[in-house]
Structures are given as C-alpha cells and as structure tokens.
file structure35.cif (mmCIF, C-alpha atoms)
data_data
#
loop_
_atom_site.label_atom_id
_atom_site.label_comp_id
_atom_site.auth_asym_id
_atom_site.auth_seq_id
_atom_site.Cartn_x
_atom_site.Cartn_y
_atom_site.Cartn_z
CA MET P 1 14.54 -19.87 2.36
CA ASN P 2 11.64 -22.06 3.37
CA ILE P 3 9.54 -19.80 5.59
CA ALA P 4 6.54 -20.74 7.74
CA ILE P 5 4.12 -18.18 9.17
CA TYR P 6 1.60 -18.47 12.01
CA THR P 7 -0.95 -15.70 12.53
CA LEU P 8 -2.94 -14.99 15.67
CA GLY P 9 -5.67 -12.43 16.20
CA CYS P 10 -7.73 -10.12 14.06
CA LYS P 11 -8.38 -9.55 10.36
CA VAL P 12 -5.76 -6.80 10.32
CA ASN P 13 -3.14 -9.33 11.38
CA GLN P 14 -4.40 -11.69 8.68
CA TYR P 15 -4.14 -8.88 6.14
CA GLU P 16 -0.61 -8.00 7.18
CA THR P 17 0.43 -11.65 7.04
CA ALA P 18 -1.00 -11.96 3.50
CA ALA P 19 0.99 -8.88 2.50
CA MET P 20 4.18 -10.36 3.94
CA GLU P 21 3.50 -13.62 2.11
CA ARG P 22 3.17 -11.78 -1.19
CA GLU P 23 6.43 -9.93 -0.53
CA LEU P 24 8.30 -13.10 0.46
CA ILE P 25 7.21 -14.87 -2.71
CA ALA P 26 8.32 -11.86 -4.74
CA ARG P 27 11.74 -12.26 -3.08
CA ASP P 28 11.88 -15.92 -4.22
CA HIS P 29 11.31 -17.47 -0.81
CA ASN P 30 9.10 -20.54 -0.36
CA LEU P 31 6.13 -20.65 2.00
CA VAL P 32 5.86 -23.94 3.90
CA PRO P 33 3.43 -25.27 6.55
CA PHE P 34 4.09 -24.09 10.09
CA GLU P 35 3.70 -27.64 11.41
CA GLY P 36 6.82 -28.87 9.62
CA PRO P 37 10.51 -28.01 9.26
CA ALA P 38 11.52 -24.58 7.97
CA ASP P 39 14.54 -22.29 7.69
CA ALA P 40 12.62 -19.46 9.34
CA TYR P 41 9.40 -19.09 11.30
CA ILE P 42 7.38 -15.90 11.58
CA ILE P 43 4.85 -15.62 14.41
CA ASN P 44 2.50 -12.66 13.90
CA THR P 45 1.15 -12.24 17.41
CA CYS P 46 -1.90 -10.87 19.21
CA THR P 47 -2.16 -9.31 22.66
CA VAL P 48 -5.85 -8.45 22.98
CA THR P 49 -6.13 -10.67 26.10
CA ALA P 50 -3.77 -12.51 28.45
CA VAL P 51 -4.91 -15.70 26.70
CA SER P 52 -3.69 -14.23 23.40
CA ASP P 53 -0.28 -13.63 25.00
CA LYS P 54 -0.18 -17.25 26.17
CA LYS P 55 -1.02 -18.57 22.69
CA SER P 56 1.67 -16.35 21.18
CA ARG P 57 4.27 -17.75 23.59
CA GLN P 58 3.15 -21.30 22.82
CA MET P 59 3.64 -20.82 19.08
CA ILE P 60 7.07 -19.23 19.58
CA ARG P 61 8.18 -22.21 21.70
CA ARG P 62 6.73 -24.66 19.16
CA ALA P 63 8.71 -23.08 16.34
CA ARG P 64 11.96 -23.27 18.30
CA LYS P 65 11.29 -26.92 19.23
CA GLN P 66 10.43 -27.97 15.67
CA SER P 67 13.61 -26.60 14.09
CA PRO P 68 16.17 -25.58 16.72
CA SER P 69 18.53 -24.06 14.14
CA ALA P 70 15.85 -22.05 12.32
CA VAL P 71 15.43 -18.28 12.58
CA VAL P 72 12.47 -17.48 14.84
CA ALA P 73 11.04 -14.02 14.11
CA VAL P 74 8.22 -12.45 16.12
CA CYS P 75 6.13 -9.43 15.15
CA GLY P 76 2.75 -7.93 16.02
CA CYS P 77 1.06 -6.55 19.08
CA TYR P 78 2.56 -8.83 21.76
CA PRO P 79 6.22 -7.78 21.36
CA GLN P 80 5.09 -4.17 20.84
CA THR P 81 3.61 -4.09 24.35
CA HIS P 82 5.64 -6.81 26.13
CA PRO P 83 9.10 -6.83 24.54
CA GLN P 84 10.94 -8.29 27.54
CA GLU P 85 8.63 -11.31 27.69
CA VAL P 86 9.49 -12.06 24.06
CA ARG P 87 13.22 -11.49 24.64
CA ASP P 88 13.07 -14.24 27.27
CA LEU P 89 11.86 -16.81 24.70
CA ASP P 90 15.08 -17.33 22.67
CA VAL P 91 13.93 -15.34 19.65
CA ASP P 92 16.22 -14.24 16.80
CA LEU P 93 14.21 -11.24 15.58
CA ILE P 94 11.76 -9.09 17.53
CA ALA P 95 9.64 -6.42 15.86
CA GLY P 96 6.30 -4.78 16.63
CA THR P 97 3.33 -3.55 14.62
CA GLY P 98 5.12 -1.18 12.26
CA ASP P 99 7.14 -1.40 9.01
CA ARG P 100 6.55 -4.96 7.85
CA ILE P 101 8.82 -4.58 4.82
CA LYS P 102 11.78 -3.63 7.05
CA PHE P 103 10.88 -6.61 9.23
CA LEU P 104 11.36 -8.91 6.22
CA ASP P 105 14.66 -7.19 5.41
CA LEU P 106 15.80 -7.89 8.97
CA LEU P 107 14.60 -11.50 8.70
CA GLU P 108 16.85 -12.08 5.71
CA SER P 109 19.71 -10.36 7.52
CA ALA P 110 19.20 -12.47 10.66
CA ALA P 111 19.29 -15.63 8.55
CA ARG P 112 22.64 -14.59 7.06
CA GLU P 113 24.37 -13.17 10.12
CA ARG P 114 22.78 -15.28 12.89
CA GLU P 115 22.77 -12.34 15.26
CA PRO P 116 19.69 -11.49 17.39
CA VAL P 117 17.91 -8.32 16.31
CA VAL P 118 15.38 -6.14 18.16
CA ASN P 119 13.59 -3.52 16.07
CA LEU P 120 10.87 -1.74 18.05
CA ASP P 121 9.59 1.81 17.79
CA GLU P 122 7.25 3.86 19.97
CA ALA P 123 3.77 3.24 18.57
CA HIS P 124 2.34 6.52 19.88
CA ARG P 125 4.79 8.48 17.72
CA ARG P 126 3.61 7.02 14.41
CA ARG P 127 2.02 9.48 12.01
CA THR P 128 2.08 7.78 8.59
CA PHE P 129 0.10 4.85 7.20
CA GLU P 130 2.19 1.91 5.99
CA VAL P 131 0.91 0.91 2.56
CA LEU P 132 1.11 -2.87 2.08
CA PRO P 133 -0.06 -4.87 -0.96
CA ALA P 134 -3.72 -5.75 -0.51
CA GLY P 135 -5.33 -9.05 -1.44
CA GLY P 136 -4.57 -12.67 -0.69
CA LEU P 137 -2.69 -15.60 -2.13
CA THR P 138 -5.37 -18.18 -2.73
CA ALA P 139 -8.68 -18.63 -4.49
CA ARG P 140 -9.02 -15.10 -5.91
CA THR P 141 -12.40 -14.93 -4.19
CA ARG P 142 -12.20 -12.46 -1.31
CA ALA P 143 -9.52 -9.82 -0.78
CA MET P 144 -8.91 -7.63 2.23
CA LEU P 145 -7.99 -3.96 1.94
CA LYS P 146 -6.59 -2.34 5.06
CA VAL P 147 -7.57 1.33 5.05
CA GLU P 148 -6.75 2.39 8.61
CA ASP P 149 -4.44 1.61 11.50
CA GLY P 150 -4.40 2.73 15.11
CA CYS P 151 -7.05 3.69 17.65
CA VAL P 152 -7.54 6.51 20.15
CA ASN P 153 -10.74 5.33 21.85
CA PHE P 154 -8.94 3.90 24.91
CA CYS P 155 -11.71 1.58 26.07
CA SER P 156 -10.94 0.56 29.64
CA TYR P 157 -10.47 -3.15 28.78
CA CYS P 158 -8.34 -2.71 25.64
CA ILE P 159 -4.58 -2.46 25.12
CA ILE P 160 -4.68 -2.04 21.34
CA PRO P 161 -4.21 1.78 21.32
CA TYR P 162 -0.88 1.19 23.07
CA ALA P 163 0.10 -1.52 20.58
CA ARG P 164 -1.02 0.21 17.38
CA GLY P 165 -0.65 3.92 18.10
CA PRO P 166 -2.80 6.81 16.80
CA VAL P 167 -5.11 6.76 13.78
CA ARG P 168 -3.44 6.65 10.35
CA SER P 169 -5.46 6.42 7.14
CA LEU P 170 -4.87 5.10 3.64
CA PRO P 171 -5.18 8.13 1.30
CA LEU P 172 -8.02 8.12 -1.22
CA GLU P 173 -5.77 8.16 -4.26
CA THR P 174 -3.85 5.13 -3.00
CA THR P 175 -7.13 3.41 -2.21
CA GLU P 176 -8.25 3.89 -5.80
CA GLU P 177 -5.04 2.30 -7.09
CA GLU P 178 -5.31 -0.71 -4.79
CA VAL P 179 -8.97 -1.33 -5.62
CA ARG P 180 -8.31 -1.18 -9.35
CA ARG P 181 -5.45 -3.66 -8.97
CA LEU P 182 -7.58 -6.11 -6.98
CA ARG P 183 -10.36 -5.81 -9.53
CA ALA P 184 -7.90 -6.62 -12.33
CA GLU P 185 -6.62 -9.64 -10.40
CA GLY P 186 -10.09 -11.18 -10.46
CA TYR P 187 -11.29 -10.93 -6.88
CA ARG P 188 -15.05 -10.95 -6.49
CA GLU P 189 -15.38 -9.40 -3.03
CA LEU P 190 -13.43 -6.74 -1.17
CA VAL P 191 -13.42 -6.57 2.63
CA VAL P 192 -12.61 -3.14 4.03
CA THR P 193 -10.66 -3.62 7.23
CA GLY P 194 -8.63 -1.73 9.82
CA ILE P 195 -8.11 -1.45 13.55
CA GLU P 196 -10.95 1.10 13.83
CA ILE P 197 -12.19 1.95 10.35
CA SER P 198 -14.82 4.37 11.62
CA SER P 199 -11.91 6.71 12.37
CA TRP P 200 -10.66 6.62 8.78
CA GLY P 201 -9.90 10.12 7.49
CA ARG P 202 -9.41 11.73 10.89
CA ASP P 203 -5.72 12.36 10.10
CA LEU P 204 -6.18 13.34 6.44
CA PRO P 205 -6.54 16.90 5.09
CA GLY P 206 -10.13 18.05 5.53
CA GLN P 207 -10.94 14.96 7.64
CA PRO P 208 -13.14 13.24 5.02
CA PRO P 209 -15.84 10.93 6.43
CA LEU P 210 -15.84 7.15 6.02
CA ILE P 211 -18.75 7.28 3.57
CA GLU P 212 -16.52 9.19 1.13
CA LEU P 213 -14.04 6.32 1.24
CA LEU P 214 -16.83 3.78 0.67
CA GLU P 215 -18.19 5.69 -2.31
CA THR P 216 -14.71 5.73 -3.82
CA ILE P 217 -14.17 2.00 -3.23
CA CYS P 218 -17.59 1.03 -4.61
CA ARG P 219 -17.08 3.21 -7.69
CA GLU P 220 -13.66 1.74 -8.50
CA SER P 221 -14.52 -1.89 -7.65
CA GLY P 222 -16.75 -2.52 -10.67
CA ASN P 223 -18.55 -5.83 -10.18
CA MET P 224 -16.75 -6.65 -6.94
CA ARG P 225 -18.89 -6.76 -3.83
CA VAL P 226 -17.72 -4.48 -1.04
CA ARG P 227 -18.04 -5.60 2.58
CA LEU P 228 -17.34 -3.47 5.64
CA GLY P 229 -15.39 -4.53 8.69
CA SER P 230 -16.38 -3.62 12.24
CA LEU P 231 -17.93 -0.17 12.70
CA GLU P 232 -18.31 2.14 15.66
CA PRO P 233 -22.08 2.69 16.17
CA ARG P 234 -21.83 6.47 15.98
CA THR P 235 -20.73 6.15 12.35
CA ILE P 236 -24.29 5.17 11.45
CA THR P 237 -26.15 8.42 10.87
CA GLU P 238 -29.04 9.20 8.55
CA ALA P 239 -26.67 10.88 6.10
CA PHE P 240 -24.36 7.84 6.13
CA CYS P 241 -27.26 5.44 5.52
CA ARG P 242 -28.76 7.54 2.74
CA ARG P 243 -25.47 7.62 0.82
CA ALA P 244 -24.54 4.01 1.61
CA ALA P 245 -27.92 2.68 0.48
CA ALA P 246 -27.26 4.22 -2.95
CA LEU P 247 -24.17 2.00 -3.45
CA PRO P 248 -25.40 -1.09 -5.34
CA ASN P 249 -22.36 -3.27 -4.58
CA LEU P 250 -22.14 -2.51 -0.84
CA CYS P 251 -23.09 -5.63 1.11
CA PRO P 252 -25.98 -5.14 3.58
CA HIS P 253 -23.91 -6.59 6.42
CA PHE P 254 -22.98 -4.26 9.26
CA HIS P 255 -20.93 -5.35 12.25
CA LEU P 256 -21.58 -2.80 15.00
CA SER P 257 -19.47 -3.33 18.08
CA LEU P 258 -21.78 -3.38 21.14
CA GLN P 259 -19.87 -5.00 24.06
CA SER P 260 -22.72 -4.41 26.53
CA GLY P 261 -26.42 -3.62 26.44
CA CYS P 262 -26.33 -1.77 29.77
CA ASP P 263 -25.50 1.93 30.01
CA ALA P 264 -23.73 1.63 33.38
CA THR P 265 -21.47 -1.12 32.02
CA LEU P 266 -20.79 0.83 28.83
CA ALA P 267 -19.69 3.78 30.98
CA ARG P 268 -17.25 1.58 32.92
CA MET P 269 -15.94 0.28 29.60
CA ASN P 270 -15.36 3.90 28.48
CA ARG P 271 -17.39 3.27 25.34
CA LYS P 272 -18.42 6.45 23.52
CA TYR P 273 -22.17 5.73 23.12
CA ASP P 274 -25.13 4.53 25.16
CA THR P 275 -27.82 2.00 24.32
CA ALA P 276 -30.18 4.65 22.95
CA ARG P 277 -27.60 5.80 20.42
CA TYR P 278 -26.76 2.22 19.51
CA LYS P 279 -30.41 1.32 18.96
CA GLU P 280 -30.79 4.41 16.78
CA SER P 281 -28.02 3.02 14.54
CA VAL P 282 -29.72 -0.38 14.28
CA ASP P 283 -33.06 1.24 13.44
CA LEU P 284 -31.49 3.43 10.75
CA LEU P 285 -29.87 0.42 9.08
CA ASN P 286 -33.16 -1.46 9.09
CA ARG P 287 -34.93 1.55 7.62
CA TYR P 288 -32.52 2.13 4.73
CA PHE P 289 -31.59 -1.48 3.86
CA ASP P 290 -33.78 -4.48 3.07
CA ARG P 291 -33.40 -6.84 6.03
CA PRO P 292 -29.69 -6.19 6.59
CA ALA P 293 -27.57 -8.49 8.74
CA VAL P 294 -26.60 -6.48 11.81
CA THR P 295 -23.99 -8.44 13.77
CA THR P 296 -22.07 -7.64 16.93
CA ASP P 297 -19.65 -8.60 19.71
CA LEU P 298 -20.66 -8.87 23.35
CA ILE P 299 -18.52 -9.03 26.51
CA VAL P 300 -20.26 -10.55 29.52
CA GLY P 301 -19.04 -10.56 33.10
CA PHE P 302 -17.25 -7.23 32.76
CA PRO P 303 -15.91 -5.96 36.12
CA GLY P 304 -18.75 -4.75 38.29
CA GLU P 305 -21.50 -6.22 36.10
CA THR P 306 -24.49 -7.09 38.31
CA GLU P 307 -27.21 -9.59 37.54
CA ALA P 308 -29.57 -6.70 36.83
CA GLU P 309 -27.10 -5.16 34.39
CA PHE P 310 -26.71 -8.50 32.63
CA ALA P 311 -30.49 -8.87 32.44
CA ALA P 312 -30.63 -5.41 30.80
CA THR P 313 -28.10 -6.60 28.24
CA LEU P 314 -30.18 -9.69 27.41
CA ALA P 315 -33.27 -7.55 26.92
CA PHE P 316 -31.35 -5.13 24.73
CA ILE P 317 -29.89 -7.72 22.37
CA ARG P 318 -33.39 -9.16 21.90
CA ALA P 319 -34.65 -5.68 21.01
CA CYS P 320 -31.89 -5.26 18.42
CA GLY P 321 -32.61 -8.62 16.77
CA PHE P 322 -29.03 -9.34 15.74
CA ALA P 323 -28.41 -11.68 12.83
CA GLU P 324 -25.33 -13.12 14.52
CA MET P 325 -23.31 -12.46 17.66
CA HIS P 326 -19.90 -13.30 19.09
CA ILE P 327 -20.08 -13.77 22.86
CA PHE P 328 -16.99 -13.42 25.04
CA PRO P 329 -16.67 -13.77 28.82
CA TYR P 330 -14.52 -10.88 30.00
CA SER P 331 -10.82 -11.74 30.05
CA ILE P 332 -8.41 -9.64 32.09
CA ARG P 333 -5.92 -7.70 30.01
CA PRO P 334 -3.11 -6.68 32.39
CA GLY P 335 -2.08 -3.07 31.89
CA THR P 336 -5.58 -1.76 31.26
CA PRO P 337 -7.79 0.19 33.72
CA ALA P 338 -10.41 -2.59 33.81
CA ALA P 339 -7.86 -5.03 35.20
CA ALA P 340 -7.80 -3.02 38.44
CA LEU P 341 -11.59 -3.12 38.93
CA GLU P 342 -13.49 -5.62 41.06
CA GLN P 343 -13.74 -8.80 39.00
CA VAL P 344 -16.77 -11.01 38.42
CA PRO P 345 -16.17 -14.65 39.46
CA LYS P 346 -15.19 -16.98 36.63
CA ALA P 347 -18.17 -19.28 37.14
CA VAL P 348 -20.55 -16.32 36.89
CA LYS P 349 -18.87 -15.11 33.68
CA GLU P 350 -19.14 -18.56 32.12
CA SER P 351 -22.77 -18.91 33.14
CA ARG P 352 -23.66 -15.52 31.65
CA ALA P 353 -21.80 -16.33 28.44
CA ALA P 354 -23.82 -19.52 28.11
CA ARG P 355 -27.11 -17.71 28.76
CA ALA P 356 -26.27 -14.95 26.29
CA SER P 357 -25.30 -17.58 23.71
CA VAL P 358 -28.75 -19.15 23.99
CA VAL P 359 -30.38 -15.82 23.15
CA ALA P 360 -27.88 -15.18 20.36
CA GLU P 361 -28.65 -18.58 18.84
CA GLU P 362 -32.42 -17.88 18.98
CA LEU P 363 -31.87 -14.59 17.16
CA HIS P 364 -29.60 -16.22 14.59
CA ARG P 365 -32.13 -18.96 13.84
CA ALA P 366 -34.86 -16.36 13.45
CA TYR P 367 -32.77 -14.37 10.99
CA LEU P 368 -31.95 -17.50 8.97
CA ALA P 369 -35.61 -18.52 8.89
CA ALA P 370 -36.51 -15.10 7.49
CA CYS P 371 -34.08 -15.74 4.62
CA VAL P 372 -36.05 -18.78 3.40
CA GLY P 373 -37.92 -17.96 0.19
CA ARG P 374 -35.62 -15.07 -0.70
CA THR P 375 -33.14 -15.04 -3.59
CA PHE P 376 -29.57 -13.89 -3.05
CA ASP P 377 -26.58 -13.46 -5.33
CA VAL P 378 -24.22 -15.94 -3.68
CA LEU P 379 -20.45 -15.86 -4.13
CA TYR P 380 -19.47 -19.53 -4.22
CA GLU P 381 -16.11 -20.47 -2.77
CA GLN P 382 -15.54 -24.18 -2.20
CA PRO P 383 -17.20 -27.64 -2.20
CA ILE P 384 -17.93 -29.09 1.24
CA ASP P 385 -19.80 -32.35 1.97
CA GLY P 386 -21.06 -32.70 -1.60
CA LEU P 387 -22.42 -29.16 -1.90
CA TYR P 388 -20.83 -25.89 -2.98
CA GLN P 389 -20.67 -23.31 -0.20
CA GLY P 390 -20.45 -19.56 -0.42
CA HIS P 391 -21.76 -16.39 1.14
CA ALA P 392 -24.78 -14.23 0.44
CA PRO P 393 -24.36 -10.45 0.55
CA ASN P 394 -25.59 -10.54 4.18
CA TYR P 395 -22.66 -12.92 4.94
CA MET P 396 -24.87 -15.88 5.73
CA THR P 397 -23.38 -19.18 4.54
CA VAL P 398 -25.27 -20.82 1.64
CA ALA P 399 -24.85 -24.39 0.31
CA ALA P 400 -26.21 -25.53 -3.05
CA ALA P 401 -25.78 -28.42 -5.45
CA GLY P 402 -23.56 -27.67 -8.44
CA GLU P 403 -20.14 -28.15 -10.00
CA GLY P 404 -17.45 -25.69 -11.01
CA LEU P 405 -19.02 -22.86 -9.03
CA HIS P 406 -15.78 -21.53 -7.54
CA ASN P 407 -15.53 -17.74 -7.66
CA ARG P 408 -18.88 -17.38 -9.41
CA VAL P 409 -21.70 -15.12 -8.20
CA LEU P 410 -25.03 -16.81 -8.94
CA PRO P 411 -28.66 -16.05 -8.01
CA THR P 412 -29.74 -18.65 -5.47
CA ARG P 413 -33.17 -19.21 -3.95
CA ILE P 414 -33.09 -20.19 -0.27
CA VAL P 415 -35.27 -23.25 0.37
CA GLY P 416 -34.32 -24.22 3.91
CA VAL P 417 -31.88 -24.14 6.82
CA ARG P 418 -29.42 -26.97 7.45
CA ASP P 419 -27.82 -27.98 10.74
CA GLY P 420 -24.98 -25.69 11.66
CA GLY P 421 -26.80 -22.55 10.57
CA ILE P 422 -26.22 -23.02 6.85
CA LEU P 423 -28.84 -21.88 4.35
CA LEU P 424 -29.81 -24.48 1.76
CA GLY P 425 -30.14 -22.97 -1.69
CA GLU P 426 -31.12 -23.85 -5.24
CA LEU P 427 -29.48 -22.20 -8.23
#
call {"tool": "encode", "arguments": {"input": "structure35.cif", "output": "structure tokens"}}
result
Amino acid sequence: MNIAIYTLGCKVNQYETAAMERELIARDHNLVPFEGPADAYIINTCTVTAVSDKKSRQMIRRARKQSPSAVVAVCGCYPQTHPQEVRDLDVDLIAGTGDRIKFLDLLESAAREREPVVNLDEAHRRRTFEVLPAGGLTARTRAMLKVEDGCVNFCSYCIIPYARGPVRSLPLETTEEEVRRLRAEGYRELVVTGIEISSWGRDLPGQPPLIELLETICRESGNMRVRLGSLEPRTITEAFCRRAAALPNLCPHFHLSLQSGCDATLARMNRKYDTARYKESVDLLNRYFDRPAVTTDLIVGFPGETEAEFAATLAFIRACGFAEMHIFPYSIRPGTPAAALEQVPKAVKESRAARASVVAEELHRAYLAACVGRTFDVLYEQPIDGLYQGHAPNYMTVAAAGEGLHNRVLPTRIVGVRDGGILLGEL
C-alpha cells in the first residue's frame, strides 16, 4: 500500500511515528506525502490542549477529503481520551497510545476487509513498556530513543496521565541493545526521550535512578553524543550532577520544565517543586557544567494568575538566565481540574505572553553573545542559504561555510551571531 502519515504533538509521538515508518517499510509498504493521494492515511494525534484536538480533527477530515476511498486510521492521545469524537469523523480504524505494532496489523486488515475497527484499551491498566525500534529514516544524523512512557504527576492543567497511563520504563539490557544498534547504523547523536523521563526506573526492580540509565547509554554509545529530553527539576541533585559531569559525551543542554516562576501559581498547577528548589537545580547545573544551556517552558495566564504573580515570574526567569524558552499562553484543556478554575481573559494572556517573550529573547541573545569566541564540536546536518547548519552540544544552531559536512562533527569557532539567533562559525 501507499501509506501517508501525519504526526501532531511531542517528540514521543515523532518517535513512535518513526518506529511505525520503519515497520511499514519492512512490510514492503510505500511511504508517500500526506498532501497527496494514498491508499491509507495514519494520523498520529495529540490532545495536550483543545487546540491540539481541533488540529487532529482537521487532519482527519483532510485525509478523508483527499482520498475518499482510502483507509483513514487514527492513533495517539486524542482517540485514547475522546474516542466518541473520533468515531463521529468517519474513521476506519481507531486506536490509542498503546501497541503500535498491533495497530499496523489492524491497518492492513482494515484495508483488506473494509470494516471499521476500534481497538482501545484502558491506559491506567498498562504495566509493560512497548519496545519499538529506535532511530529515524533519514540523514543518519540524530536518532531518538524512547526510554519511558506514562506519567503520574497529574498536574492540574494536563490530561496526558489519562492518555498515557502509569510509568513504564525501557529495561537497561534492552537499552544497551538499542544503543549499540543505533551506533552501528551511523547516527552521531542520540536523543533520550519519553513522556516523563525523570520517572524512568520507578517501575523496574530496585527502582534505579535516571543517572544509571544515562551512564549506560553514554558508555554504549561510543562517539555518539547523548542529549537529554525534558527533565523534572527535582532530578537535578548534587549526586546527579557529579556523575553526569563525568560523562564526556553527554551534551550540556538541560531542558527543565518550569511552567511558572511564582510559588502560588505552581501550587495551583500541582507542580511538585517551588521556585527555590528549581533555582537550586539551575545553580547546580551551572556549577558542574561549563556554561550549560538551561532551557525551559513557561505557561502564562494560568487560571488565577495575578499581575503580581506574573511579575514574580518575570523576575524569576531573569534570575535563572535561561538560554532559550518556549512561552505558551494557558490553553484550557477540558477534563482537567484547571479548566474549572477562574480563567484569565484572553487579551491578558496574550499580553503576558508577549511581555514574557521579550524577556526570553533578551536572555537568548545574551546566551548567544556569550558563545562568541568559544569553540564547539558542531554536528553538521544540512546546507541552508549557502552555509552548512548544525548544532553545538548546547543545542544552539551554528552555520559555517563548507561543503560535504553532512553528519560530520567538526570543531568550529564562533565568530558572531546572525539574524534569527544563529551562531556564525568558522571551521
């Protein structure tokens, strides 16, 4: 079959799509662009906000309109939490966030038998980690390795624990096998990802800590760089930093989820830390690593957020000196406790997002300026606008003159900052 896939949402969804693509190719199917005709369409959905639900519905309708006789198959978080809404969209196959290999079996069956299929389980009953082939299909530059699924934090604005179920971890021995395979395939960087990777090991015998997983990955990865996905701030302890700093191929890039720089707002969000604990994590990283890139996410206009609370957040992000930030105005996620709280007006949310973005851009420019004069080992990926672009270990984008640099790691001296926040380098 000619099969087209559209993916919405997070890196875990991207990872799971890449795994399905590898499996489909192994079954002798052809991958085709989503924008054109196909025998089957897969929409891997997201439900993190109501806007995500809307985008998922739009892509389902687009697939049906493009090829009315094609099989339309939907998986991911949206049907897991809102199955009836998906049933109402003339879909041939509905599945959730579990058992992607069975989902592909059902896709082939639906194409043969032309009978609608619904295959949904109860996410909260899951207890085993689904091992999918790690990596990607193109470029052999950066591969993702999913090491964890599920979340039990139950933040008041988030529906993901209901969509993904409890924490399940990739065992260490399986991790070793996957890393060795990716190394043999020629990838130069490995991104460790999951729904909440700080919880890795919680369900394994002896409850090993995340740093034990990282030491295993870095040991088996050889000359591959290892980059961490998003971390819960409480993961960053002195013991973690001491052991992590001893790993030569671990990238000094740490994405610590913040969401708010005000303790009262964090409490309403049901986050499991306060600003003092968060700042302790930032300080530890700066002490043990040489000018690391500490990045974060921020939600502004959360229900009940006052102007004073927002001002506290602005002061806090300045104190942390983030290398880069993602700013989001709060978006209601129906079905979560925060949806029932008193909402901040839309205009206020948008204004605060704009003001926070100004501060974030100031911090980003300052971090980039501090990179000038330094030399980084840059992993080059692709030519853009006459220069080869890649990423430094701190995940800042670097552009330099050169040819044939794809998938090469080369020492590069930073000589300036271009428009768009790109570092200009010389080999």
call {"tool": "resolve_selection", "arguments": {"input": "structure35.cif", "expression": "the PyMOL selection byres ((chain P and resi 256) around 8)", "output": "list in words"}}
result
Ser230, Leu231, Glu232, Pro233, Phe254, His255, Ser257, Leu258, Val294, Thr295, Thr296 and Asp297 of chain P
call {"tool": "closest_atom_pairs", "arguments": {"input": "structure35.cif", "of": "segment 85-149 of chain P", "to": "segment 47-56 of chain P", "cutoff": "12 Å", "atoms": "all atoms listed in the file", "output": "tab-separated table"}}
result
residue	atom	partner	partner_atom	distance
P:Glu85	CA	P:Asp53	CA	9.6
P:Val86	CA	P:Ser56	CA	9.4
P:Leu89	CA	P:Ser56	CA	10.8
P:Gly96	CA	P:Thr47	CA	11.3
P:Thr97	CA	P:Thr47	CA	11.3
call {"tool": "axis_aligned_box", "arguments": {"input": "structure35.cif", "around": "segment 78-95 of chain P", "padding_each_side": "5 Å", "output": "AutoDock Vina command-line options"}}
result
--center_x 9.4 --center_y -10.7 --center_z 21.6 --size_x 23.7 --size_y 23.2 --size_z 22.1
call {"tool": "resolve_selection", "arguments": {"input": "structure35.cif", "expression": "the PyMOL selection byres ((chain P and resi 276) around 12)", "output": "list in words"}}
result
Pro233, Arg234, Leu258, Gly261, Cys262, Asp263, Leu266, Lys272, Tyr273, Asp274, Thr275, Arg277, Tyr278, Lys279, Glu280, Ser281, Val282, Asp283, Phe316, Ala319 and Cys320 of chain P
call {"tool": "resolve_selection", "arguments": {"input": "structure35.cif", "expression": "the PyMOL selection byres ((chain P and resi 399) around 10)", "output": "JSON, numbers by chain"}}
result
{"P": [378, 380, 382, 383, 384, 385, 386, 387, 388, 389, 390, 391, 397, 398, 400, 401, 402, 412, 414, 417, 418, 422, 423, 424, 425, 426, 427]}
call {"tool": "write_last_selection", "arguments": {"input": "structure35.cif", "atoms": "C-alpha atoms", "output": "compact mmCIF listing (two decimals), in the coordinates of the input"}}
result
# COMPACT_ATOMS: atom_id res chain seq x y z
CA VAL P 378 -24.22 -15.94 -3.68
CA TYR P 380 -19.47 -19.53 -4.22
CA GLN P 382 -15.54 -24.18 -2.20
CA PRO P 383 -17.20 -27.64 -2.20
CA ILE P 384 -17.93 -29.09 1.24
CA ASP P 385 -19.80 -32.35 1.97
CA GLY P 386 -21.06 -32.70 -1.60
CA LEU P 387 -22.42 -29.16 -1.90
CA TYR P 388 -20.83 -25.89 -2.98
CA GLN P 389 -20.67 -23.31 -0.20
CA GLY P 390 -20.45 -19.56 -0.42
CA HIS P 391 -21.76 -16.39 1.14
CA THR P 397 -23.38 -19.18 4.54
CA VAL P 398 -25.27 -20.82 1.64
CA ALA P 400 -26.21 -25.53 -3.05
CA ALA P 401 -25.78 -28.42 -5.45
CA GLY P 402 -23.56 -27.67 -8.44
CA THR P 412 -29.74 -18.65 -5.47
CA ILE P 414 -33.09 -20.19 -0.27
CA VAL P 417 -31.88 -24.14 6.82
CA ARG P 418 -29.42 -26.97 7.45
CA ILE P 422 -26.22 -23.02 6.85
CA LEU P 423 -28.84 -21.88 4.35
CA LEU P 424 -29.81 -24.48 1.76
CA GLY P 425 -30.14 -22.97 -1.69
CA GLU P 426 -31.12 -23.85 -5.24
CA LEU P 427 -29.48 -22.20 -8.23
call {"tool": "residues_around", "arguments": {"input": "structure35.cif", "residues": "Arg318 of chain P", "least_positions_apart": "4", "cutoff": "12 Å", "atoms": "all atoms listed in the file", "output": "list in words"}}
result
Gly261, Lys279, Ala311, Ala312, Thr313, Leu314, Phe322, Ala323, Glu324, Met325, Ala356, Ser357, Val358, Val359, Ala360, Glu361, Glu362, Leu363, His364 and Ala366 of chain P
call {"tool": "closest_residue", "arguments": {"input": "structure35.cif", "among": "P:Val348, P:Ala354, P:Ala369, P:Val131", "to": "His326 of chain P", "atoms": "only C-alpha atoms"}}
result
P:Ala354
call {"tool": "residues_near_point", "arguments": {"input": "structure35.cif", "point": "(1.4, -15.1, 16.8)", "cutoff": "7 Å", "atoms": "all atoms listed in the file", "output": "NGL selection string"}}
result
:P and (6-8 or 43-46 or 56 or 59)
call {"tool": "residues_around", "arguments": {"input": "structure35.cif", "residues": "Gly222 of chain P", "least_positions_apart": "6", "cutoff": "9 Å", "atoms": "all atoms listed in the file", "output": "PyMOL selection string"}}
result
chain P and resi 180+183+249
